[in-house]
file structure.cif (mmCIF, C-alpha atoms and all ligand atoms)
data_protein
loop_
_atom_site.label_atom_id
_atom_site.label_comp_id
_atom_site.auth_asym_id
_atom_site.auth_seq_id
_atom_site.Cartn_x
_atom_site.Cartn_y
_atom_site.Cartn_z
CA MET A 1 21.25 -61.79 -50.97
CA ALA A 2 23.95 -61.68 -53.66
CA ALA A 3 25.47 -64.92 -54.90
CA ALA A 4 28.18 -66.53 -52.78
CA MET A 5 31.45 -64.70 -53.37
CA HIS A 6 33.97 -67.00 -51.75
CA SER A 7 36.57 -68.77 -53.79
CA ALA A 8 38.26 -71.96 -52.57
CA ARG A 9 41.96 -71.78 -51.68
CA PRO A 10 43.72 -75.08 -52.24
CA SER A 11 46.43 -74.16 -49.71
CA MET A 12 43.89 -73.44 -46.95
CA PRO A 13 41.64 -75.72 -44.91
CA ALA A 14 38.04 -75.85 -46.15
CA ALA A 15 35.28 -74.01 -44.31
CA CYS A 16 32.04 -75.90 -43.64
CA PRO A 17 28.82 -74.87 -45.47
CA GLU A 18 27.39 -73.16 -42.34
CA ALA A 19 30.55 -71.08 -41.96
CA LEU A 20 30.49 -70.14 -45.65
CA ALA A 21 26.85 -69.10 -45.33
CA HIS A 22 27.78 -66.96 -42.32
CA SER A 23 30.61 -65.35 -44.30
CA ASP A 24 28.12 -64.53 -47.07
CA LEU A 25 26.02 -62.64 -44.51
CA VAL A 26 29.07 -60.72 -43.30
CA ALA A 27 30.07 -59.89 -46.90
CA ALA A 28 26.51 -58.71 -47.62
CA ARG A 29 26.67 -56.41 -44.57
CA VAL A 30 29.99 -54.98 -45.84
CA ARG A 31 28.60 -54.52 -49.36
CA ASP A 32 25.58 -52.64 -47.96
CA GLU A 33 27.89 -50.38 -46.02
CA ILE A 34 30.12 -49.73 -49.06
CA GLU A 35 27.09 -48.85 -51.19
CA ALA A 36 25.66 -46.58 -48.48
CA ALA A 37 29.04 -44.83 -48.22
CA GLY A 38 29.12 -44.08 -51.96
CA GLY A 39 31.32 -46.98 -53.09
CA TRP A 40 34.27 -47.07 -50.69
CA ILE A 41 35.00 -47.60 -46.99
CA GLY A 42 38.32 -47.28 -45.18
CA PHE A 43 40.02 -50.51 -44.17
CA ASP A 44 39.57 -49.54 -40.51
CA ARG A 45 35.78 -49.59 -40.97
CA TYR A 46 36.02 -52.88 -42.88
CA MET A 47 38.08 -54.41 -40.06
CA GLU A 48 35.64 -53.12 -37.46
CA LEU A 49 32.72 -54.71 -39.32
CA VAL A 50 34.25 -58.09 -40.07
CA LEU A 51 35.69 -58.49 -36.57
CA TYR A 52 33.09 -56.81 -34.34
CA ALA A 53 29.71 -56.20 -36.06
CA PRO A 54 27.24 -57.55 -33.46
CA GLY A 55 26.18 -61.11 -34.25
CA LEU A 56 28.28 -61.16 -37.44
CA GLY A 57 31.92 -60.21 -36.84
CA TYR A 58 34.64 -62.74 -36.16
CA TYR A 59 34.84 -61.84 -32.45
CA ALA A 60 31.13 -61.09 -32.11
CA ALA A 61 29.58 -64.29 -33.49
CA GLY A 62 29.97 -67.82 -32.23
CA ALA A 63 33.18 -68.91 -34.01
CA ARG A 64 35.46 -70.96 -31.79
CA LYS A 65 38.62 -68.87 -32.56
CA PHE A 66 40.88 -69.87 -29.64
CA GLY A 67 42.65 -73.21 -29.44
CA ASP A 68 44.21 -75.90 -31.58
CA ALA A 69 43.25 -76.39 -35.21
CA ALA A 70 42.00 -79.89 -34.42
CA ALA A 71 39.45 -78.37 -32.06
CA GLY A 72 38.35 -75.83 -34.68
CA GLY A 73 40.48 -72.94 -33.36
CA ASP A 74 42.30 -70.39 -35.51
CA PHE A 75 45.09 -69.26 -33.19
CA VAL A 76 46.49 -69.76 -29.70
CA THR A 77 47.39 -66.92 -27.35
CA ALA A 78 49.92 -67.07 -24.52
CA PRO A 79 47.36 -67.60 -21.70
CA GLU A 80 45.83 -70.40 -23.78
CA ILE A 81 49.21 -72.08 -24.26
CA SER A 82 49.83 -72.51 -20.55
CA PRO A 83 48.94 -71.17 -17.08
CA LEU A 84 52.69 -70.46 -16.77
CA PHE A 85 52.06 -67.17 -18.57
CA ALA A 86 49.51 -66.00 -15.98
CA HIS A 87 51.70 -67.24 -13.13
CA ALA A 88 54.68 -65.22 -14.35
CA LEU A 89 52.54 -62.14 -14.97
CA ALA A 90 51.17 -62.53 -11.44
CA ALA A 91 54.68 -61.98 -10.07
CA GLN A 92 54.74 -58.54 -11.76
CA ILE A 93 51.22 -57.68 -10.65
CA GLY A 94 51.96 -58.90 -7.11
CA GLN A 95 54.90 -56.47 -6.98
CA LEU A 96 52.61 -53.64 -8.14
CA PHE A 97 50.04 -54.57 -5.47
CA GLY A 98 52.68 -53.44 -2.96
CA GLN A 99 52.04 -49.90 -4.22
CA VAL A 100 48.48 -49.78 -5.59
CA PRO A 101 45.11 -51.24 -4.51
CA PRO A 102 44.83 -54.93 -5.48
CA ARG A 103 42.40 -54.39 -8.33
CA ILE A 104 42.71 -55.52 -11.94
CA VAL A 105 40.89 -54.48 -15.09
CA GLU A 106 41.54 -56.74 -18.07
CA PHE A 107 40.70 -55.64 -21.60
CA GLY A 108 39.65 -58.25 -24.16
CA ALA A 109 39.66 -61.33 -21.94
CA GLY A 110 39.02 -63.90 -24.72
CA THR A 111 38.00 -67.21 -23.13
CA GLY A 112 38.81 -65.93 -19.63
CA ALA A 113 41.97 -68.06 -19.37
CA LEU A 114 44.19 -65.18 -18.23
CA ALA A 115 41.64 -63.99 -15.65
CA ARG A 116 41.32 -67.50 -14.18
CA GLY A 117 45.10 -68.00 -14.14
CA LEU A 118 45.90 -64.59 -12.66
CA LEU A 119 43.33 -64.84 -9.87
CA ALA A 120 44.58 -68.29 -8.87
CA ALA A 121 48.26 -67.34 -9.09
CA LEU A 122 47.83 -64.12 -7.12
CA ASP A 123 45.91 -66.04 -4.44
CA GLY A 124 48.70 -68.63 -4.38
CA ARG A 125 51.38 -65.94 -3.97
CA GLY A 126 49.56 -64.38 -1.02
CA THR A 127 48.84 -61.18 -2.98
CA PRO A 128 45.17 -61.75 -3.89
CA ALA A 129 43.21 -59.41 -6.15
CA GLU A 130 40.16 -57.96 -4.43
CA SER A 131 38.35 -57.22 -7.70
CA TYR A 132 38.76 -58.22 -11.35
CA GLY A 133 36.91 -56.15 -13.95
CA ILE A 134 36.70 -57.26 -17.58
CA VAL A 135 36.10 -54.85 -20.46
CA GLU A 136 35.09 -57.00 -23.43
CA LEU A 137 33.85 -55.65 -26.73
CA SER A 138 32.27 -58.89 -27.87
CA ALA A 139 28.92 -59.83 -26.30
CA ASP A 140 29.50 -63.43 -27.38
CA LEU A 141 32.86 -63.62 -25.60
CA ARG A 142 31.41 -61.89 -22.54
CA GLU A 143 28.93 -64.75 -22.26
CA ARG A 144 31.69 -67.32 -22.66
CA GLN A 145 33.70 -65.55 -19.95
CA ARG A 146 30.69 -65.48 -17.61
CA ALA A 147 30.20 -69.22 -18.09
CA ALA A 148 33.90 -69.95 -17.52
CA LEU A 149 34.61 -67.67 -14.56
CA GLY A 150 32.64 -68.40 -11.41
CA ASP A 151 34.78 -66.18 -9.19
CA ARG A 152 32.71 -63.59 -7.28
CA ARG A 153 35.50 -61.02 -7.70
CA VAL A 154 34.98 -60.94 -11.49
CA HIS A 155 32.60 -58.41 -13.00
CA TRP A 156 32.11 -56.87 -16.43
CA LEU A 157 32.48 -53.20 -17.25
CA ASP A 158 32.02 -50.95 -20.27
CA ALA A 159 35.24 -49.11 -19.35
CA PRO A 160 37.49 -48.90 -16.31
CA PRO A 161 36.03 -46.59 -13.67
CA ARG A 162 37.36 -43.02 -13.98
CA GLY A 163 40.08 -42.44 -11.45
CA PHE A 164 40.91 -46.16 -11.36
CA ALA A 165 43.72 -47.19 -9.03
CA GLY A 166 45.17 -50.64 -9.72
CA VAL A 167 46.50 -52.60 -12.67
CA ILE A 168 45.15 -52.70 -16.24
CA VAL A 169 46.12 -55.65 -18.45
CA ALA A 170 45.63 -56.15 -22.20
CA ASN A 171 47.07 -59.23 -23.88
CA GLU A 172 46.78 -59.40 -27.67
CA VAL A 173 44.10 -56.73 -27.77
CA LEU A 174 45.91 -53.82 -29.45
CA ASP A 175 46.76 -55.99 -32.46
CA VAL A 176 43.07 -56.61 -33.26
CA MET A 177 42.09 -52.95 -33.16
CA PRO A 178 41.16 -51.54 -36.59
CA VAL A 179 43.98 -50.01 -38.63
CA ARG A 180 44.08 -47.64 -41.59
CA LEU A 181 46.11 -48.71 -44.61
CA PHE A 182 48.27 -46.37 -46.63
CA ALA A 183 50.41 -46.61 -49.74
CA ARG A 184 52.96 -44.24 -51.21
CA GLU A 185 52.50 -44.30 -54.96
CA GLN A 186 54.32 -41.97 -57.34
CA ALA A 187 54.79 -39.34 -54.65
CA ALA A 188 51.08 -39.44 -53.74
CA LEU A 189 49.83 -40.72 -50.39
CA LEU A 190 46.84 -43.04 -50.79
CA GLU A 191 44.54 -44.63 -48.27
CA ARG A 192 43.71 -48.22 -49.15
CA GLY A 193 40.12 -49.14 -48.46
CA VAL A 194 37.50 -51.56 -49.68
CA ALA A 195 35.20 -51.10 -52.70
CA LEU A 196 33.17 -53.39 -54.96
CA ARG A 197 34.44 -54.76 -58.26
CA ASP A 198 31.88 -56.85 -60.18
CA GLY A 199 30.01 -57.21 -56.91
CA ARG A 200 33.06 -58.57 -55.07
CA LEU A 201 35.03 -56.94 -52.29
CA ALA A 202 38.23 -55.42 -53.66
CA PHE A 203 40.96 -53.10 -52.43
CA ALA A 204 40.83 -49.56 -53.82
CA GLY A 205 42.86 -46.45 -53.07
CA ARG A 206 41.87 -42.83 -52.68
CA PRO A 207 43.87 -39.74 -51.68
CA ALA A 208 44.68 -39.78 -47.96
CA ASP A 209 42.67 -37.36 -45.82
CA ALA A 210 44.24 -34.86 -43.44
CA SER A 211 44.26 -37.16 -40.39
CA LEU A 212 46.04 -39.99 -42.20
CA ALA A 213 48.48 -37.54 -43.83
CA ALA A 214 49.26 -36.06 -40.40
CA ALA A 215 49.87 -39.53 -38.94
CA LEU A 216 52.21 -40.32 -41.83
CA ALA A 217 54.05 -37.03 -41.43
CA GLY A 218 54.67 -37.95 -37.77
CA ILE A 219 56.00 -41.38 -38.76
CA GLU A 220 58.24 -40.01 -41.52
CA ALA A 221 59.59 -37.36 -39.14
CA ASP A 222 60.92 -40.27 -37.07
CA VAL A 223 61.97 -42.78 -39.73
CA GLY A 224 62.63 -40.63 -42.82
CA ALA A 225 60.70 -40.50 -46.10
CA LEU A 226 59.16 -43.86 -47.01
CA PRO A 227 59.99 -45.06 -50.52
CA ASP A 228 57.66 -45.12 -53.50
CA GLY A 229 55.64 -48.35 -53.53
CA TYR A 230 55.72 -48.60 -49.75
CA GLY A 231 52.51 -49.69 -48.03
CA SER A 232 51.71 -50.28 -44.36
CA GLU A 233 49.15 -49.50 -41.71
CA VAL A 234 48.59 -46.99 -38.91
CA GLY A 235 46.85 -47.99 -35.68
CA LEU A 236 44.99 -44.82 -34.80
CA VAL A 237 42.34 -46.69 -32.77
CA ALA A 238 45.05 -48.24 -30.60
CA ARG A 239 46.58 -44.79 -30.08
CA GLY A 240 43.18 -43.43 -28.99
CA TRP A 241 42.79 -46.35 -26.61
CA MET A 242 46.18 -45.66 -25.05
CA ARG A 243 45.31 -41.98 -24.65
CA SER A 244 42.09 -43.00 -22.86
CA ALA A 245 44.20 -45.07 -20.47
CA GLY A 246 45.65 -41.80 -19.26
CA GLU A 247 42.14 -40.70 -18.31
CA TRP A 248 41.23 -43.97 -16.59
CA LEU A 249 44.39 -44.51 -14.60
CA ALA A 250 44.73 -42.25 -11.55
CA ARG A 251 47.29 -44.47 -9.85
CA GLY A 252 48.78 -47.71 -11.09
CA ALA A 253 50.12 -49.41 -14.18
CA LEU A 254 48.93 -50.67 -17.53
CA LEU A 255 50.61 -53.73 -19.04
CA ALA A 256 50.11 -54.04 -22.81
CA ILE A 257 51.39 -57.31 -24.25
CA ASP A 258 51.34 -57.72 -28.01
CA TYR A 259 53.07 -58.44 -31.28
CA GLY A 260 54.94 -55.32 -32.34
CA PHE A 261 58.04 -53.24 -32.73
CA PRO A 262 59.45 -49.80 -32.00
CA ARG A 263 58.58 -47.40 -34.83
CA ARG A 264 61.95 -47.51 -36.61
CA GLU A 265 61.69 -51.26 -36.92
CA TYR A 266 57.97 -51.22 -37.79
CA TYR A 267 58.30 -48.75 -40.64
CA HIS A 268 61.66 -50.05 -41.83
CA PRO A 269 62.07 -49.29 -45.56
CA GLN A 270 62.39 -53.01 -46.23
CA ARG A 271 59.06 -53.86 -44.53
CA LEU A 272 57.37 -52.83 -47.76
CA MET A 273 53.97 -54.38 -47.17
CA GLY A 274 53.25 -53.73 -43.51
CA THR A 275 52.31 -56.35 -40.96
CA LEU A 276 48.65 -57.10 -41.67
CA MET A 277 48.05 -60.82 -41.12
CA CYS A 278 45.02 -63.09 -41.06
CA HIS A 279 44.54 -66.42 -39.30
CA PHE A 280 42.23 -69.23 -40.30
CA ARG A 281 42.57 -72.64 -38.62
CA HIS A 282 46.22 -71.92 -37.74
CA HIS A 283 47.07 -70.96 -41.33
CA ALA A 284 48.43 -67.43 -41.65
CA HIS A 285 47.64 -65.56 -44.85
CA ALA A 286 47.63 -61.98 -46.07
CA ASP A 287 44.20 -61.55 -47.71
CA PRO A 288 41.76 -59.93 -45.26
CA LEU A 289 39.03 -59.86 -47.91
CA TRP A 290 38.88 -63.68 -48.09
CA LEU A 291 35.95 -65.20 -46.18
CA PRO A 292 35.08 -62.09 -44.13
CA GLY A 293 33.92 -62.94 -40.64
CA LEU A 294 35.74 -66.30 -40.56
CA ASN A 295 39.28 -64.94 -40.21
CA ASP A 296 41.08 -63.15 -37.46
CA ILE A 297 42.79 -60.02 -38.80
CA THR A 298 45.74 -58.53 -36.93
CA ALA A 299 48.37 -55.84 -37.37
CA HIS A 300 51.47 -55.41 -35.24
CA VAL A 301 51.64 -52.61 -32.71
CA ASP A 302 53.79 -49.48 -33.16
CA PHE A 303 55.02 -49.39 -29.55
CA THR A 304 56.66 -45.99 -30.05
CA ALA A 305 53.22 -44.58 -30.85
CA MET A 306 51.79 -46.34 -27.77
CA ALA A 307 54.48 -44.87 -25.50
CA GLN A 308 53.95 -41.41 -27.01
CA ALA A 309 50.17 -41.60 -26.61
CA ALA A 310 50.60 -42.64 -22.97
CA SER A 311 53.11 -39.84 -22.29
CA ASP A 312 50.79 -37.29 -23.97
CA ASP A 313 48.32 -38.08 -21.23
CA GLY A 314 50.81 -37.80 -18.40
CA LEU A 315 51.61 -41.50 -18.00
CA GLN A 316 55.18 -42.57 -17.49
CA VAL A 317 56.84 -45.40 -19.43
CA LEU A 318 57.83 -47.94 -16.77
CA GLY A 319 59.40 -50.53 -19.06
CA TYR A 320 59.43 -52.10 -22.51
CA THR A 321 60.91 -55.46 -23.34
CA THR A 322 60.35 -58.74 -25.14
CA GLN A 323 57.94 -61.36 -23.81
CA ALA A 324 60.91 -63.69 -23.26
CA HIS A 325 62.79 -61.20 -21.08
CA PHE A 326 59.62 -60.24 -19.23
CA LEU A 327 58.63 -63.83 -18.39
CA LEU A 328 62.17 -64.80 -17.39
CA ASN A 329 62.47 -61.69 -15.20
CA CYS A 330 59.17 -62.70 -13.60
CA GLY A 331 60.56 -66.10 -12.63
CA LEU A 332 59.43 -68.43 -15.43
CA LEU A 333 62.40 -70.74 -14.81
CA ASP A 334 61.53 -71.00 -11.10
CA LEU A 335 58.00 -72.01 -12.10
CA LEU A 336 59.51 -74.80 -14.19
CA GLN A 337 61.22 -76.12 -11.05
CA VAL A 338 57.75 -76.57 -9.57
CA ASP A 339 56.14 -78.08 -12.68
CA ARG A 340 58.77 -80.32 -14.27
CA SER A 341 56.41 -81.93 -16.78
CA PRO A 342 57.36 -82.11 -20.49
CA ALA A 343 54.16 -80.19 -21.24
CA ALA A 344 55.30 -77.27 -19.07
CA ALA A 345 58.77 -77.28 -20.67
CA ASN A 346 57.24 -77.34 -24.14
CA ALA A 347 54.88 -74.47 -23.27
CA ALA A 348 57.71 -72.40 -21.79
CA HIS A 349 59.66 -72.93 -25.01
CA ARG A 350 56.74 -71.63 -27.09
CA LEU A 351 56.41 -68.58 -24.83
CA ILE A 352 60.07 -67.55 -24.84
CA SER A 353 61.65 -69.00 -27.97
CA GLU A 354 62.81 -66.36 -30.46
CA ALA A 355 61.31 -68.45 -33.24
CA GLU A 356 57.88 -68.40 -31.60
CA MET A 357 56.51 -65.67 -29.28
CA GLY A 358 59.57 -64.73 -27.26
CA GLU A 359 60.97 -61.96 -29.43
CA LEU A 360 58.05 -60.79 -31.58
CA VAL A 361 55.73 -60.20 -28.63
CA LYS A 362 56.61 -57.21 -26.46
CA VAL A 363 55.48 -55.97 -23.08
CA LEU A 364 54.99 -52.26 -22.49
CA ALA A 365 54.29 -50.95 -18.97
CA VAL A 366 53.06 -47.40 -18.47
CA GLY A 367 51.75 -45.90 -15.29
CA ARG A 368 51.11 -43.05 -12.94
CA ALA A 369 52.36 -42.55 -9.39
CA VAL A 370 54.16 -45.91 -9.40
CA ASP A 371 57.81 -46.28 -8.44
CA GLY A 372 60.09 -48.52 -10.46
CA PRO A 373 62.03 -50.50 -11.18
CA LEU A 374 59.47 -53.10 -12.16
CA LEU A 375 60.41 -56.76 -11.80
CA GLY A 376 59.53 -57.71 -15.39
CA PHE A 377 62.00 -55.24 -16.89
CA ALA A 378 64.96 -55.86 -14.58
CA ARG A 379 67.04 -57.30 -17.43
CA GLY A 380 66.68 -56.55 -21.14
CA ASP A 381 64.70 -53.32 -20.86
CA ARG A 382 64.45 -51.73 -24.31
CA THR A 383 62.69 -48.48 -23.48
CA HIS A 384 65.57 -46.64 -25.19
CA THR A 385 64.53 -48.16 -28.55
CA LEU A 386 61.06 -46.54 -28.51
C1 LIG A 401 43.12 -62.00 -29.82
S1 LIG A 401 41.89 -61.94 -28.59
C2 LIG A 401 42.88 -62.06 -27.13
C3 LIG A 401 42.10 -62.61 -25.98
C4 LIG A 401 42.86 -62.78 -24.66
N1 LIG A 401 43.38 -61.52 -24.18
C5 LIG A 401 43.97 -63.77 -24.80
O1 LIG A 401 45.13 -63.40 -24.70
O2 LIG A 401 43.67 -64.95 -25.01
C6 LIG A 401 41.36 -60.26 -28.60
C7 LIG A 401 40.30 -59.93 -27.56
O3 LIG A 401 40.16 -58.51 -27.46
C8 LIG A 401 38.79 -58.15 -27.52
N2 LIG A 401 38.77 -56.73 -27.93
C9 LIG A 401 39.17 -56.18 -29.09
N3 LIG A 401 39.09 -54.84 -29.05
C10 LIG A 401 38.66 -54.52 -27.80
C11 LIG A 401 38.39 -53.30 -27.12
N4 LIG A 401 38.53 -52.12 -27.73
N5 LIG A 401 37.96 -53.35 -25.85
C12 LIG A 401 37.80 -54.53 -25.22
N6 LIG A 401 38.04 -55.73 -25.80
C13 LIG A 401 38.46 -55.72 -27.08
C14 LIG A 401 38.23 -59.21 -28.45
O4 LIG A 401 36.84 -59.29 -28.40
C15 LIG A 401 38.93 -60.44 -27.87
O5 LIG A 401 38.35 -60.87 -26.66
#

call {"tool": "encode", "arguments": {"input": "structure.cif", "output": "structure tokens"}}
result
Amino acid sequence: MAAAMHSARPSMPAACPEALAHSDLVAARVRDEIEAAGGWIGFDRYMELVLYAPGLGYYAAGARKFGDAAAGGDFVTAPEISPLFAHALAAQIGQLFGQVPPRIVEFGAGTGALARGLLAALDGRGTPAESYGIVELSADLRERQRAALGDRRVHWLDAPPRGFAGVIVANEVLDVMPVRLFAREQAALLERGVALRDGRLAFAGRPADASLAAALAGIEADVGALPDGYGSEVGLVARGWMRSAGEWLARGALLAIDYGFPRREYYHPQRLMGTLMCHFRHHAHADPLWLPGLNDITAHVDFTAMAQAASDDGLQVLGYTTQAHFLLNCGLLDLLQVDRSPAAANAAHRLISEAEMGELVKVLAVGRAVDGPLLGFARGDRTHTL
């Protein structure tokens, strides 16, 4: 194996020797792949490897990931913050169960917190789910979910059954799907990928291929020409996933909850460097090549592209709003009348505050053969901004 390539970052928490050794293995796997590919791989392939390579990637090996920094976690998601999130979401799903069979498929279930919370809340509301399928890319997380969820209604799937009727949920899944990076430099369109410089992983550009150029042309048709020096990312994997949803969903709704913006805001000329962000022990940083395999890597979601991909496959946009509006529409304040503890109030603040998740996280509902209006979008619907 090549010599250790990690450099210490004084502003970041230290990784333990075992974690550094694991990162060396991940880096070696990436180097092998770069060499086999002739010296360069796209960032999407890099992201796929460092997040999902079996037994190695951030989501596919045993790292703790979820939870507080003190407990060794790197980030906290809404269902991990509080069961209030699942309880509010259950109000929306309960409304949908009036129209579609009471079945749920959740993508990317993490620790299983949302599944546990939703099943309990739907039972409590008198609108129980009869089945709860989980599609989870990571074998490691699938095992954690199996250990955490004893409910006989829960089962694991490779994909939703074709012709599925029910509700599909994905919380913070689209933002960890691999993205391609582009840069406009002196009128040329480059794809930023990963190469080796003195044996170390380094960013390197090459002329964009036809598929990236076409994606950019579509974006610029909506937002205007992007300025020289502008760099960002395109989530083509997420678009493909959303198109597949059109094949899975015969009757029902898909709720995608994630960090993101409408296209005009995403590719705003002033957002010169895109939205790529890494998380390590609750420290956010912008270098995805640092300690590969130990960091979460995310990019915001272009919700205009998601709505378009869904419509291309015959799904209808049922609503788009902020997490704050969605949770309030779903009765978050009523839930706080039931649980008056300071912990619940603090969690609700984190979920809806503009300075935390309330504004940056959006909820998009798409569906087929479902009548609106949906509860979660009753006030503050922003579908017109997509
Ligand atoms: C940031 S975590 C969010 C986990 C959970 N939804 C939550 O809110 O706590 C992302 C999850 O999505 C999974 N994932 C990523 N891409 C996926 C895909 N294409 N299909 C299924 N799961 C995926 C990851 O393995 C992980 O469980």

call {"tool": "closest_atom_pairs", "arguments": {"input": "structure.cif", "of": "chain A", "to": "ligand LIG 401 (chain A)", "cutoff": "7 Å", "atoms": "all atoms listed in the file", "output": "JSON lines"}}
result
{"residue": "A:Tyr59", "atom": "CA", "partner": "A:LIG401", "partner_atom": "O4", "distance": 5.2}
{"residue": "A:Thr77", "atom": "CA", "partner": "A:LIG401", "partner_atom": "O2", "distance": 4.8}
{"residue": "A:Ala78", "atom": "CA", "partner": "A:LIG401", "partner_atom": "O1", "distance": 6.0}
{"residue": "A:Pro79", "atom": "CA", "partner": "A:LIG401", "partner_atom": "O2", "distance": 5.6}
{"residue": "A:Glu80", "atom": "CA", "partner": "A:LIG401", "partner_atom": "O2", "distance": 6.0}
{"residue": "A:Phe107", "atom": "CA", "partner": "A:LIG401", "partner_atom": "C12", "distance": 4.8}
{"residue": "A:Gly108", "atom": "CA", "partner": "A:LIG401", "partner_atom": "O3", "distance": 3.3}
{"residue": "A:Ala109", "atom": "CA", "partner": "A:LIG401", "partner_atom": "N1", "distance": 4.3}
{"residue": "A:Gly110", "atom": "CA", "partner": "A:LIG401", "partner_atom": "C3", "distance": 3.6}
{"residue": "A:Thr111", "atom": "CA", "partner": "A:LIG401", "partner_atom": "O2", "distance": 6.4}
{"residue": "A:Ala113", "atom": "CA", "partner": "A:LIG401", "partner_atom": "O2", "distance": 6.7}
{"residue": "A:Leu114", "atom": "CA", "partner": "A:LIG401", "partner_atom": "C5", "distance": 6.7}
{"residue": "A:Val135", "atom": "CA", "partner": "A:LIG401", "partner_atom": "C12", "distance": 5.1}
{"residue": "A:Glu136", "atom": "CA", "partner": "A:LIG401", "partner_atom": "N6", "distance": 4.0}
{"residue": "A:Leu137", "atom": "CA", "partner": "A:LIG401", "partner_atom": "N6", "distance": 4.3}
{"residue": "A:Ser138", "atom": "CA", "partner": "A:LIG401", "partner_atom": "O4", "distance": 4.6}
{"residue": "A:Leu141", "atom": "CA", "partner": "A:LIG401", "partner_atom": "O5", "distance": 6.2}
{"residue": "A:Ala170", "atom": "CA", "partner": "A:LIG401", "partner_atom": "N1", "distance": 6.1}
{"residue": "A:Asn171", "atom": "CA", "partner": "A:LIG401", "partner_atom": "N1", "distance": 4.4}
{"residue": "A:Glu172", "atom": "CA", "partner": "A:LIG401", "partner_atom": "C2", "distance": 4.8}
{"residue": "A:Val173", "atom": "CA", "partner": "A:LIG401", "partner_atom": "O3", "distance": 4.3}
{"residue": "A:Leu174", "atom": "CA", "partner": "A:LIG401", "partner_atom": "N3", "distance": 6.9}
{"residue": "A:Val176", "atom": "CA", "partner": "A:LIG401", "partner_atom": "C9", "distance": 5.7}
{"residue": "A:Met177", "atom": "CA", "partner": "A:LIG401", "partner_atom": "N3", "distance": 5.4}

call {"tool": "write_last_selection", "arguments": {"input": "structure.cif", "atoms": "C-alpha atoms", "output": "tab-separated table (two decimals), in the coordinates of the input"}}
result
chain	number	residue	atom	x	y	z
A	59	TYR	CA	34.84	-61.84	-32.45
A	77	THR	CA	47.39	-66.92	-27.35
A	78	ALA	CA	49.92	-67.07	-24.52
A	79	PRO	CA	47.36	-67.60	-21.70
A	80	GLU	CA	45.83	-70.40	-23.78
A	107	PHE	CA	40.70	-55.64	-21.60
A	108	GLY	CA	39.65	-58.25	-24.16
A	109	ALA	CA	39.66	-61.33	-21.94
A	110	GLY	CA	39.02	-63.90	-24.72
A	111	THR	CA	38.00	-67.21	-23.13
A	113	ALA	CA	41.97	-68.06	-19.37
A	114	LEU	CA	44.19	-65.18	-18.23
A	135	VAL	CA	36.10	-54.85	-20.46
A	136	GLU	CA	35.09	-57.00	-23.43
A	137	LEU	CA	33.85	-55.65	-26.73
A	138	SER	CA	32.27	-58.89	-27.87
A	141	LEU	CA	32.86	-63.62	-25.60
A	170	ALA	CA	45.63	-56.15	-22.20
A	171	ASN	CA	47.07	-59.23	-23.88
A	172	GLU	CA	46.78	-59.40	-27.67
A	173	VAL	CA	44.10	-56.73	-27.77
A	174	LEU	CA	45.91	-53.82	-29.45
A	176	VAL	CA	43.07	-56.61	-33.26
A	177	MET	CA	42.09	-52.95	-33.16

call {"tool": "closest_atom_pairs", "arguments": {"input": "structure.cif", "of": "region 143-259 of chain A", "to": "region 370-377 of chain A", "cutoff": "9 Å", "atoms": "all atoms listed in the file", "output": "JSON lines"}}
result
{"residue": "A:Arg251", "atom": "CA", "partner": "A:Val370", "partner_atom": "CA", "distance": 7.0}
{"residue": "A:Gly252", "atom": "CA", "partner": "A:Val370", "partner_atom": "CA", "distance": 5.9}
{"residue": "A:Ala253", "atom": "CA", "partner": "A:Val370", "partner_atom": "CA", "distance": 7.2}

call {"tool": "closest_residue", "arguments": {"input": "structure.cif", "among": "A:Ala120, A:Leu327, A:Ala90, A:Leu56", "to": "Ala139 (chain A)", "atoms": "only C-alpha atoms"}}
result
A:Leu56

call {"tool": "residues_around", "arguments": {"input": "structure.cif", "residues": "region 199-203 of chain A", "least_positions_apart": "4", "cutoff": "9 Å", "atoms": "all atoms listed in the file", "output": "mmCIF file with C-alpha atoms, in the coordinates of the input"}}
result
data_model
loop_
_atom_site.group_PDB
_atom_site.id
_atom_site.type_symbol
_atom_site.label_atom_id
_atom_site.label_comp_id
_atom_site.auth_asym_id
_atom_site.auth_seq_id
_atom_site.Cartn_x
_atom_site.Cartn_y
_atom_site.Cartn_z
ATOM 1 C CA ALA A 2 23.950 -61.680 -53.660
ATOM 2 C CA MET A 5 31.450 -64.700 -53.370
ATOM 3 C CA ALA A 27 30.070 -59.890 -46.900
ATOM 4 C CA VAL A 30 29.990 -54.980 -45.840
ATOM 5 C CA ARG A 31 28.600 -54.520 -49.360
ATOM 6 C CA PHE A 43 40.020 -50.510 -44.170
ATOM 7 C CA ARG A 192 43.710 -48.220 -49.150
ATOM 8 C CA GLY A 193 40.120 -49.140 -48.460
ATOM 9 C CA VAL A 194 37.500 -51.560 -49.680
ATOM 10 C CA ALA A 195 35.200 -51.100 -52.700
ATOM 11 C CA LEU A 289 39.030 -59.860 -47.910
ATOM 12 C CA TRP A 290 38.880 -63.680 -48.090
#

call {"tool": "atom_distance", "arguments": {"input": "structure.cif", "atom1": "CA of Ala91 (chain A)", "atom2": "CA of Leu249 (chain A)"}}
result
20.8 Å

call {"tool": "atom_distance", "arguments": {"input": "structure.cif", "atom1": "CA of Phe97 (chain A)", "atom2": "CA of His384 (chain A)"}}
result
26.3 Å

call {"tool": "closest_residue", "arguments": {"input": "structure.cif", "among": "A:Ala183, A:Ala60, A:Val237, A:Ala343", "to": "Leu216 (chain A)", "atoms": "all atoms listed in the file"}}
result
A:Ala183
